[in-house]
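Here is the structure we will look at, set down as structure tokens.
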Amino acid sequence: DVKVTQSSRYLVKRTGEKVFLECVQDMDHENMFWYRQDPGLGLRLIYFSYDVKMKEKGDIPEGYSVSREKKERFSLILESASTNQTSMYLCASSLSQTFYGNQPQHFGDGTRLSIL
Amino acid sequence: EDQVTQSPEALRLQEGESSSLNCSYTVSGLRGLFWYRQDPGKGPEFLFTLYSAGEEKEKERLKATLTKKESFLHITAPKPEDSATYLCAVGTSGTYKYIFGTGTRLKVLA
């Protein structure tokens, strides 16, 4: 089974802090994604990466950056945390597209981040 | 604009009362439709992938079907442990992105 592990289940930080969220997958997936999930808004894509050191902005990248130095690890960085970044953060990974189409994403259990 | 809409937003069923959840989509080129189950406080758990109209997938009490405009997740004789939020997502041509619906919250009463 695919395993996507997020470093923390719960995290509390203060405004202005630099926050690091870590994600590791063990299935040699090329693609990795960071989402945030808020009630009524669903899953919103922050950033994704389709290869080591490659990244692309998602729909809401402002205030975030990412790092992918190794294939199995994808980090999300909140440069200067603000209260509106309080949310559930979900990491996912998937294989590359095949002839048939996209491959399913596999998710970690999320990090519930509170910014005070 | 590519879009995914799920209905109903919430559904309450008695144990054993079969029903269907709907996921309708408008995308420029479908490259896969995915169903997930999400329990409170956890990440989505992958259930099914469907690639072409007419395709069906089954797992225990769940059956997913796909047409050119929508997908259904049929739940046969549900049990309380089937209570969860069910999400659908689509992959589209020319992008790595997946478009998610906002989910259907299912509650099965004993």
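Identifiers in this document derive from the order of the structure tokens: chains are assigned A, B, ..., residues are numbered from 1 separately in each chain, and ligands are numbered from 1 in order of occurrence.
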Any idea which chain A residues end up within 6 Å of chain B if we count only C-alpha atoms, as a PyMOL selection string please? chain A and resi 42+101-102+107-110
Counting only C-alpha atoms, what is within 7 Å of A:His106, bar same-chain residues fewer than 5 positions away, as a PyMOL selection string? (chain A and resi 92-94) or (chain B and resi 46)
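Close contacts of B:Ala53, defined as residues with an atom at most 7 Å away when counting only C-alpha atoms, with chain neighbours fewer than 3 positions off set aside, comprise Leu66, Thr67 and Lys68 of chain B.
Here atom CA of A:Arg9 is placed at a distance of 26.0 Å from atom CA of A:Gln103.
For the pair atom CA of B:Ser19 and atom CA of A:Asp38, the separation is 27.0 Å.
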Run DSSP on the backbone and tell me which residues of chain B come out as strand (DSSP E); list them as an MDAnalysis selection string. chainID B and resid 3:7 10:14 19:26 30:38 45:50 56:59 62:66 70:75 84:92 98:100 104:109
With distances taken over only C-alpha atoms, which residue among A:Lys13, A:Arg112, A:Arg44, A:Lys71 lies nearest A:Met27? A:Lys71
Here is a test: counting only C-alpha atoms, which residue of A:Gln97, A:Ser67, A:Ser7, A:Val12 is nearest to A:Ser114? A:Val12
